[in-house]
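Data file: upload31.cif. Format and content: mmCIF, N, CA and C atoms.
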```cif
data_final
loop_
_atom_site.label_atom_id
_atom_site.label_comp_id
_atom_site.auth_asym_id
_atom_site.auth_seq_id
_atom_site.Cartn_x
_atom_site.Cartn_y
_atom_site.Cartn_z
N MET A 1 -25.00 45.42 33.98
CA MET A 1 -24.74 46.66 33.32
C MET A 1 -26.07 47.15 32.73
N ILE A 2 -26.46 48.34 33.10
CA ILE A 2 -27.73 48.90 32.65
C ILE A 2 -27.58 49.47 31.24
N LEU A 3 -28.44 49.04 30.34
CA LEU A 3 -28.46 49.55 28.97
C LEU A 3 -29.42 50.72 28.84
N TRP A 4 -30.54 50.65 29.56
CA TRP A 4 -31.56 51.69 29.51
C TRP A 4 -32.33 51.66 30.83
N GLY A 5 -32.79 52.80 31.27
CA GLY A 5 -33.60 52.84 32.48
C GLY A 5 -34.27 54.18 32.67
N ASP A 6 -35.38 54.16 33.41
CA ASP A 6 -36.10 55.39 33.73
C ASP A 6 -36.38 55.49 35.23
N TYR A 7 -35.54 54.89 36.04
CA TYR A 7 -35.62 54.88 37.50
C TYR A 7 -36.64 53.88 38.05
N HIS A 8 -37.53 53.34 37.23
CA HIS A 8 -38.51 52.35 37.68
C HIS A 8 -38.45 51.07 36.85
N HIS A 9 -37.96 51.18 35.61
CA HIS A 9 -37.82 50.04 34.70
C HIS A 9 -36.43 50.11 34.09
N PHE A 10 -35.78 48.95 33.95
CA PHE A 10 -34.43 48.91 33.39
C PHE A 10 -34.27 47.73 32.45
N ILE A 11 -33.50 47.92 31.39
CA ILE A 11 -33.03 46.81 30.55
C ILE A 11 -31.54 46.72 30.81
N ALA A 12 -31.07 45.51 31.13
CA ALA A 12 -29.68 45.36 31.56
C ALA A 12 -29.08 44.06 31.05
N LEU A 13 -27.75 44.02 31.06
CA LEU A 13 -27.03 42.78 30.80
C LEU A 13 -26.87 42.08 32.14
N ASP A 14 -27.23 40.81 32.20
CA ASP A 14 -27.19 40.04 33.45
C ASP A 14 -26.02 39.06 33.41
N TYR A 15 -25.00 39.35 34.19
CA TYR A 15 -23.80 38.51 34.25
C TYR A 15 -23.88 37.46 35.36
N TYR A 16 -25.03 37.33 36.00
CA TYR A 16 -25.15 36.44 37.16
C TYR A 16 -24.86 34.98 36.81
N LYS A 17 -25.47 34.45 35.75
CA LYS A 17 -25.29 33.03 35.40
C LYS A 17 -24.09 32.79 34.50
N GLU A 18 -23.82 33.72 33.60
CA GLU A 18 -22.76 33.53 32.60
C GLU A 18 -21.92 34.79 32.52
N ALA A 19 -20.68 34.71 32.98
CA ALA A 19 -19.81 35.88 32.99
C ALA A 19 -19.29 36.24 31.61
N GLU A 20 -19.14 35.26 30.72
CA GLU A 20 -18.60 35.50 29.39
C GLU A 20 -19.65 36.09 28.44
N ILE A 21 -20.84 35.51 28.46
CA ILE A 21 -21.91 35.94 27.55
C ILE A 21 -23.14 36.25 28.40
N PRO A 22 -23.35 37.52 28.74
CA PRO A 22 -24.49 37.87 29.60
C PRO A 22 -25.82 37.79 28.86
N SER A 23 -26.87 37.50 29.59
CA SER A 23 -28.21 37.53 29.02
C SER A 23 -28.76 38.96 29.17
N VAL A 24 -29.85 39.23 28.48
CA VAL A 24 -30.49 40.54 28.56
C VAL A 24 -31.78 40.38 29.34
N VAL A 25 -31.96 41.20 30.36
CA VAL A 25 -33.12 41.10 31.24
C VAL A 25 -33.76 42.47 31.42
N GLN A 26 -35.00 42.43 31.88
CA GLN A 26 -35.71 43.65 32.26
C GLN A 26 -35.96 43.58 33.75
N PHE A 27 -35.63 44.65 34.45
CA PHE A 27 -35.94 44.79 35.87
C PHE A 27 -37.00 45.88 36.00
N TRP A 28 -37.91 45.70 36.95
CA TRP A 28 -38.91 46.74 37.20
C TRP A 28 -39.21 46.78 38.69
N GLU A 29 -39.63 47.94 39.13
CA GLU A 29 -39.95 48.16 40.53
C GLU A 29 -41.34 47.59 40.82
N THR A 30 -41.43 46.70 41.82
CA THR A 30 -42.71 46.06 42.13
C THR A 30 -43.49 46.79 43.22
N TRP A 31 -42.82 47.64 43.96
CA TRP A 31 -43.43 48.38 45.05
C TRP A 31 -43.84 47.47 46.21
N GLU A 32 -43.23 46.27 46.30
CA GLU A 32 -43.51 45.36 47.41
C GLU A 32 -42.30 45.30 48.33
N ALA A 33 -42.53 45.18 49.62
CA ALA A 33 -41.45 45.19 50.60
C ALA A 33 -40.57 43.95 50.50
N GLU A 34 -41.17 42.75 50.30
CA GLU A 34 -40.39 41.52 50.27
C GLU A 34 -39.52 41.42 49.01
N GLU A 35 -40.08 41.74 47.88
CA GLU A 35 -39.36 41.67 46.59
C GLU A 35 -39.53 43.00 45.88
N PRO A 36 -38.63 43.96 46.11
CA PRO A 36 -38.81 45.28 45.52
C PRO A 36 -38.57 45.34 44.01
N TRP A 37 -37.91 44.31 43.44
CA TRP A 37 -37.62 44.31 42.01
C TRP A 37 -38.08 43.01 41.36
N GLY A 38 -38.75 43.13 40.23
CA GLY A 38 -39.10 41.98 39.41
C GLY A 38 -38.10 41.84 38.27
N LYS A 39 -38.04 40.65 37.67
CA LYS A 39 -37.05 40.42 36.62
C LYS A 39 -37.66 39.53 35.53
N THR A 40 -37.47 39.92 34.27
CA THR A 40 -37.94 39.13 33.13
C THR A 40 -36.77 38.91 32.18
N HIS A 41 -36.60 37.67 31.76
CA HIS A 41 -35.56 37.31 30.79
C HIS A 41 -36.03 37.74 29.40
N LEU A 42 -35.24 38.54 28.69
CA LEU A 42 -35.60 39.00 27.35
C LEU A 42 -34.89 38.23 26.25
N ALA A 43 -33.60 37.90 26.48
CA ALA A 43 -32.83 37.18 25.47
C ALA A 43 -31.60 36.54 26.12
N SER A 44 -31.13 35.45 25.52
CA SER A 44 -29.96 34.74 26.05
C SER A 44 -28.65 35.46 25.76
N THR A 45 -28.61 36.22 24.68
CA THR A 45 -27.42 37.00 24.33
C THR A 45 -27.84 38.38 23.84
N PHE A 46 -26.87 39.28 23.79
CA PHE A 46 -27.15 40.62 23.29
C PHE A 46 -27.50 40.57 21.80
N ASP A 47 -26.84 39.69 21.04
CA ASP A 47 -27.15 39.55 19.61
C ASP A 47 -28.59 39.08 19.40
N GLU A 48 -29.04 38.15 20.22
CA GLU A 48 -30.43 37.69 20.13
C GLU A 48 -31.38 38.84 20.46
N PHE A 49 -31.04 39.63 21.45
CA PHE A 49 -31.85 40.79 21.82
C PHE A 49 -31.96 41.77 20.65
N LEU A 50 -30.82 42.05 20.00
CA LEU A 50 -30.83 42.96 18.86
C LEU A 50 -31.67 42.41 17.71
N SER A 51 -31.60 41.10 17.49
CA SER A 51 -32.38 40.52 16.40
C SER A 51 -33.87 40.62 16.65
N LYS A 52 -34.26 40.69 17.91
CA LYS A 52 -35.67 40.85 18.24
C LYS A 52 -36.14 42.30 18.04
N LEU A 53 -35.20 43.24 18.06
CA LEU A 53 -35.54 44.65 17.89
C LEU A 53 -35.62 45.05 16.42
N TYR A 54 -34.88 44.39 15.57
CA TYR A 54 -34.75 44.80 14.18
C TYR A 54 -35.31 43.73 13.26
N ARG A 55 -36.17 44.16 12.37
CA ARG A 55 -36.71 43.25 11.36
C ARG A 55 -36.33 43.79 9.99
N LYS A 56 -35.73 42.96 9.19
CA LYS A 56 -35.34 43.37 7.85
C LYS A 56 -36.58 43.36 6.96
N LEU A 57 -36.80 44.48 6.30
CA LEU A 57 -37.93 44.58 5.39
C LEU A 57 -37.62 43.79 4.12
N LYS A 58 -38.60 43.06 3.66
CA LYS A 58 -38.43 42.29 2.44
C LYS A 58 -39.18 43.00 1.32
N LEU A 59 -38.54 44.02 0.76
CA LEU A 59 -39.14 44.79 -0.31
C LEU A 59 -38.60 44.33 -1.65
N ASN A 60 -39.48 44.21 -2.59
CA ASN A 60 -39.08 43.95 -3.96
C ASN A 60 -39.09 45.30 -4.66
N LEU A 61 -37.91 45.87 -4.88
CA LEU A 61 -37.84 47.23 -5.43
C LEU A 61 -38.45 47.33 -6.82
N ARG A 62 -38.35 46.27 -7.61
CA ARG A 62 -38.93 46.29 -8.96
C ARG A 62 -40.45 46.45 -8.88
N LYS A 63 -41.10 45.68 -7.99
CA LYS A 63 -42.55 45.80 -7.83
C LYS A 63 -42.93 47.17 -7.27
N LEU A 64 -42.11 47.67 -6.35
CA LEU A 64 -42.38 48.97 -5.75
C LEU A 64 -42.31 50.07 -6.82
N LYS A 65 -41.31 50.00 -7.70
CA LYS A 65 -41.18 51.00 -8.77
C LYS A 65 -42.35 50.90 -9.75
N ILE A 66 -42.79 49.69 -10.06
CA ILE A 66 -43.92 49.51 -10.98
C ILE A 66 -45.19 50.11 -10.37
N LYS A 67 -45.44 49.83 -9.09
CA LYS A 67 -46.64 50.38 -8.43
C LYS A 67 -46.57 51.90 -8.38
N GLN A 68 -45.39 52.44 -8.09
CA GLN A 68 -45.24 53.88 -8.03
C GLN A 68 -45.47 54.49 -9.40
N SER A 69 -44.96 53.83 -10.43
CA SER A 69 -45.15 54.31 -11.80
C SER A 69 -46.63 54.31 -12.17
N ILE A 70 -47.34 53.25 -11.83
CA ILE A 70 -48.78 53.15 -12.10
C ILE A 70 -49.53 54.24 -11.34
N ASN A 71 -49.18 54.46 -10.08
CA ASN A 71 -49.83 55.51 -9.28
C ASN A 71 -49.57 56.89 -9.88
N ASN A 72 -48.34 57.13 -10.34
CA ASN A 72 -48.02 58.43 -10.93
C ASN A 72 -48.83 58.65 -12.21
N ARG A 73 -48.94 57.62 -13.05
CA ARG A 73 -49.74 57.74 -14.28
C ARG A 73 -51.20 57.97 -13.96
N LEU A 74 -51.70 57.30 -12.95
CA LEU A 74 -53.09 57.48 -12.55
C LEU A 74 -53.34 58.91 -12.09
N ILE A 75 -52.43 59.44 -11.30
CA ILE A 75 -52.56 60.82 -10.82
C ILE A 75 -52.52 61.78 -12.00
N LEU A 76 -51.58 61.56 -12.95
CA LEU A 76 -51.50 62.42 -14.13
C LEU A 76 -52.77 62.36 -14.96
N ASN A 77 -53.34 61.17 -15.10
CA ASN A 77 -54.58 61.03 -15.86
C ASN A 77 -55.74 61.75 -15.18
N ILE A 78 -55.80 61.67 -13.88
CA ILE A 78 -56.87 62.35 -13.14
C ILE A 78 -56.71 63.87 -13.28
N LEU A 79 -55.46 64.36 -13.15
CA LEU A 79 -55.22 65.80 -13.26
C LEU A 79 -55.52 66.30 -14.66
N SER A 80 -55.17 65.53 -15.69
CA SER A 80 -55.42 65.97 -17.06
C SER A 80 -56.91 65.89 -17.40
N PHE A 81 -57.65 65.02 -16.73
CA PHE A 81 -59.10 64.90 -16.96
C PHE A 81 -59.83 66.15 -16.49
N ASN A 82 -59.37 66.72 -15.36
CA ASN A 82 -60.02 67.90 -14.81
C ASN A 82 -59.61 69.07 -15.63
#
```

Let's see the structure in the file written out as structure tokens.
Amino acid sequence: MILWGDYHHFIALDYYKEAEIPSVVQFWETWEAEEPWGKTHLASTFDEFLSKLYRKLKLNLRKLKIKQSINNRLILNILSFN
């Protein structure tokens, strides 16, 4: 089942080895007569594939607010100096 493609490269679910839990693969056009398509394994499951696409940011909101507050005060001080 093709998830994405542009006619030369495709990301797909591969049910060949496992019918219950397909792996995620990339197919691409090789332009060779003997093997017209290449294949690369991207992930063993769709969930694993998704975890590789998304990274959870580890932000400390308290530190972020403190830095923003300091930056705002610095800007105000610079503006009041001029």

Would you compute the box with edges along x, y and z of the file around range 11-26 of chain A, including every atom the file lists for it and 3 Å extra on each side, and give its centre and edge lengths in Å to one decimal, as JSON?
```
{"center_x": -27.3, "center_y": 40.4, "center_z": 32.4, "size_x": 23.4, "size_y": 21.1, "size_z": 15.6}
```

List, as a tab-separated table (two decimals) with N, CA and C atoms, keeping the file's coordinate frame, every residue that the PyMOL selection byres ((chain A and resi 29) around 8) selects in the file provided.
```tsv
chain	number	residue	atom	x	y	z
A	7	TYR	N	-35.54	54.89	36.04
A	7	TYR	CA	-35.62	54.88	37.50
A	7	TYR	C	-36.64	53.88	38.05
A	8	HIS	N	-37.53	53.34	37.23
A	8	HIS	CA	-38.51	52.35	37.68
A	8	HIS	C	-38.45	51.07	36.85
A	9	HIS	N	-37.96	51.18	35.61
A	9	HIS	CA	-37.82	50.04	34.70
A	9	HIS	C	-36.43	50.11	34.09
A	10	PHE	N	-35.78	48.95	33.95
A	10	PHE	CA	-34.43	48.91	33.39
A	10	PHE	C	-34.27	47.73	32.45
A	26	GLN	N	-35.00	42.43	31.88
A	26	GLN	CA	-35.71	43.65	32.26
A	26	GLN	C	-35.96	43.58	33.75
A	27	PHE	N	-35.63	44.65	34.45
A	27	PHE	CA	-35.94	44.79	35.87
A	27	PHE	C	-37.00	45.88	36.00
A	28	TRP	N	-37.91	45.70	36.95
A	28	TRP	CA	-38.91	46.74	37.20
A	28	TRP	C	-39.21	46.78	38.69
A	30	THR	N	-41.43	46.70	41.82
A	30	THR	CA	-42.71	46.06	42.13
A	30	THR	C	-43.49	46.79	43.22
A	31	TRP	N	-42.82	47.64	43.96
A	31	TRP	CA	-43.43	48.38	45.05
A	31	TRP	C	-43.84	47.47	46.21
A	32	GLU	N	-43.23	46.27	46.30
A	32	GLU	CA	-43.51	45.36	47.41
A	32	GLU	C	-42.30	45.30	48.33
A	35	GLU	N	-40.08	41.74	47.88
A	35	GLU	CA	-39.36	41.67	46.59
A	35	GLU	C	-39.53	43.00	45.88
A	36	PRO	N	-38.63	43.96	46.11
A	36	PRO	CA	-38.81	45.28	45.52
A	36	PRO	C	-38.57	45.34	44.01
A	37	TRP	N	-37.91	44.31	43.44
A	37	TRP	CA	-37.62	44.31	42.01
A	37	TRP	C	-38.08	43.01	41.36
A	38	GLY	N	-38.75	43.13	40.23
A	38	GLY	CA	-39.10	41.98	39.41
A	38	GLY	C	-38.10	41.84	38.27
A	39	LYS	N	-38.04	40.65	37.67
A	39	LYS	CA	-37.05	40.42	36.62
A	39	LYS	C	-37.66	39.53	35.53
```

The PyMOL selection byres ((chain A and resi 41-54) around 6.5) on the file shown: which residues, as a list in words? Ile21, Pro22, Ser23, Val24, Val25, Gln26, Lys39, Thr40, Arg55 and Lys56 of chain A

Any chance you can output those residues with N, CA and C atoms as a JSON list (two decimals), in the coordinates of the input?
```json
[["chain", "number", "residue", "atom", "x", "y", "z"],
["A", 21, "ILE", "N", -20.84, 35.51, 28.46],
["A", 21, "ILE", "CA", -21.91, 35.94, 27.55],
["A", 21, "ILE", "C", -23.14, 36.25, 28.40],
["A", 22, "PRO", "N", -23.35, 37.52, 28.74],
["A", 22, "PRO", "CA", -24.49, 37.87, 29.60],
["A", 22, "PRO", "C", -25.82, 37.79, 28.86],
["A", 23, "SER", "N", -26.87, 37.50, 29.59],
["A", 23, "SER", "CA", -28.21, 37.53, 29.02],
["A", 23, "SER", "C", -28.76, 38.96, 29.17],
["A", 24, "VAL", "N", -29.85, 39.23, 28.48],
["A", 24, "VAL", "CA", -30.49, 40.54, 28.56],
["A", 24, "VAL", "C", -31.78, 40.38, 29.34],
["A", 25, "VAL", "N", -31.96, 41.20, 30.36],
["A", 25, "VAL", "CA", -33.12, 41.10, 31.24],
["A", 25, "VAL", "C", -33.76, 42.47, 31.42],
["A", 26, "GLN", "N", -35.00, 42.43, 31.88],
["A", 26, "GLN", "CA", -35.71, 43.65, 32.26],
["A", 26, "GLN", "C", -35.96, 43.58, 33.75],
["A", 39, "LYS", "N", -38.04, 40.65, 37.67],
["A", 39, "LYS", "CA", -37.05, 40.42, 36.62],
["A", 39, "LYS", "C", -37.66, 39.53, 35.53],
["A", 40, "THR", "N", -37.47, 39.92, 34.27],
["A", 40, "THR", "CA", -37.94, 39.13, 33.13],
["A", 40, "THR", "C", -36.77, 38.91, 32.18],
["A", 55, "ARG", "N", -36.17, 44.16, 12.37],
["A", 55, "ARG", "CA", -36.71, 43.25, 11.36],
["A", 55, "ARG", "C", -36.33, 43.79, 9.99],
["A", 56, "LYS", "N", -35.73, 42.96, 9.19],
["A", 56, "LYS", "CA", -35.34, 43.37, 7.85],
["A", 56, "LYS", "C", -36.58, 43.36, 6.96]]
```

Query - Length of the atom C of Ile2 in chain A to atom C of Asp14 in chain A vector [Å] - result: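 That distance, rounded to one decimal, is 10.7 Å.
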
Å distance separating atom N of Tyr16 in chain A from CA of Leu3 in chain A, one decimal place: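 Computed distance, atom N of Tyr16 in chain A to CA of Leu3 in chain A, equals 14.5 Å.
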
Calculate how many Å separate atom N of Met1 in chain A from atom N of Tyr15 in chain A, rounding to one decimal.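 Between atom N of Met1 in chain A and atom N of Tyr15 in chain A the gap works out to 6.1 Å.
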
Hey, could you patch up range 22-35 of chain A with N, CA, C and O atoms and hand it over as a PDB file, in the frame of the given file?
```pdb
ATOM      1  N   PRO A  22     -23.350  37.520  28.740  1.00  0.00           N
ATOM      2  CA  PRO A  22     -24.490  37.870  29.600  1.00  0.00           C
ATOM      3  C   PRO A  22     -25.820  37.790  28.860  1.00  0.00           C
ATOM      4  O   PRO A  22     -25.879  37.984  27.648  1.00  0.00           O
ATOM      5  N   SER A  23     -26.870  37.500  29.590  1.00  0.00           N
ATOM      6  CA  SER A  23     -28.210  37.530  29.020  1.00  0.00           C
ATOM      7  C   SER A  23     -28.760  38.960  29.170  1.00  0.00           C
ATOM      8  O   SER A  23     -28.199  39.788  29.874  1.00  0.00           O
ATOM      9  N   VAL A  24     -29.850  39.230  28.480  1.00  0.00           N
ATOM     10  CA  VAL A  24     -30.490  40.540  28.560  1.00  0.00           C
ATOM     11  C   VAL A  24     -31.780  40.380  29.340  1.00  0.00           C
ATOM     12  O   VAL A  24     -32.589  39.492  29.041  1.00  0.00           O
ATOM     13  N   VAL A  25     -31.960  41.200  30.360  1.00  0.00           N
ATOM     14  CA  VAL A  25     -33.120  41.100  31.240  1.00  0.00           C
ATOM     15  C   VAL A  25     -33.760  42.470  31.420  1.00  0.00           C
ATOM     16  O   VAL A  25     -33.149  43.499  31.152  1.00  0.00           O
ATOM     17  N   GLN A  26     -35.000  42.430  31.880  1.00  0.00           N
ATOM     18  CA  GLN A  26     -35.710  43.650  32.260  1.00  0.00           C
ATOM     19  C   GLN A  26     -35.960  43.580  33.750  1.00  0.00           C
ATOM     20  O   GLN A  26     -36.428  42.567  34.276  1.00  0.00           O
ATOM     21  N   PHE A  27     -35.630  44.650  34.450  1.00  0.00           N
ATOM     22  CA  PHE A  27     -35.940  44.790  35.870  1.00  0.00           C
ATOM     23  C   PHE A  27     -37.000  45.880  36.000  1.00  0.00           C
ATOM     24  O   PHE A  27     -36.993  46.850  35.260  1.00  0.00           O
ATOM     25  N   TRP A  28     -37.910  45.700  36.950  1.00  0.00           N
ATOM     26  CA  TRP A  28     -38.910  46.740  37.200  1.00  0.00           C
ATOM     27  C   TRP A  28     -39.210  46.780  38.690  1.00  0.00           C
ATOM     28  O   TRP A  28     -39.071  45.805  39.411  1.00  0.00           O
ATOM     29  N   GLU A  29     -39.630  47.940  39.130  1.00  0.00           N
ATOM     30  CA  GLU A  29     -39.950  48.160  40.530  1.00  0.00           C
ATOM     31  C   GLU A  29     -41.340  47.590  40.820  1.00  0.00           C
ATOM     32  O   GLU A  29     -42.307  47.906  40.131  1.00  0.00           O
ATOM     33  N   THR A  30     -41.430  46.700  41.820  1.00  0.00           N
ATOM     34  CA  THR A  30     -42.710  46.060  42.130  1.00  0.00           C
ATOM     35  C   THR A  30     -43.490  46.790  43.220  1.00  0.00           C
ATOM     36  O   THR A  30     -44.652  46.529  43.417  1.00  0.00           O
ATOM     37  N   TRP A  31     -42.820  47.640  43.960  1.00  0.00           N
ATOM     38  CA  TRP A  31     -43.430  48.380  45.050  1.00  0.00           C
ATOM     39  C   TRP A  31     -43.840  47.470  46.210  1.00  0.00           C
ATOM     40  O   TRP A  31     -44.719  47.801  46.993  1.00  0.00           O
ATOM     41  N   GLU A  32     -43.230  46.270  46.300  1.00  0.00           N
ATOM     42  CA  GLU A  32     -43.510  45.360  47.410  1.00  0.00           C
ATOM     43  C   GLU A  32     -42.300  45.300  48.330  1.00  0.00           C
ATOM     44  O   GLU A  32     -41.155  45.334  47.881  1.00  0.00           O
ATOM     45  N   ALA A  33     -42.530  45.180  49.620  1.00  0.00           N
ATOM     46  CA  ALA A  33     -41.450  45.190  50.600  1.00  0.00           C
ATOM     47  C   ALA A  33     -40.570  43.950  50.500  1.00  0.00           C
ATOM     48  O   ALA A  33     -39.341  44.037  50.612  1.00  0.00           O
ATOM     49  N   GLU A  34     -41.170  42.750  50.300  1.00  0.00           N
ATOM     50  CA  GLU A  34     -40.390  41.520  50.270  1.00  0.00           C
ATOM     51  C   GLU A  34     -39.520  41.420  49.010  1.00  0.00           C
ATOM     52  O   GLU A  34     -38.386  40.992  49.062  1.00  0.00           O
ATOM     53  N   GLU A  35     -40.080  41.740  47.880  1.00  0.00           N
ATOM     54  CA  GLU A  35     -39.360  41.670  46.590  1.00  0.00           C
ATOM     55  C   GLU A  35     -39.530  43.000  45.880  1.00  0.00           C
ATOM     56  O   GLU A  35     -40.444  43.174  45.074  1.00  0.00           O
TER      57      GLU A  35
END
```
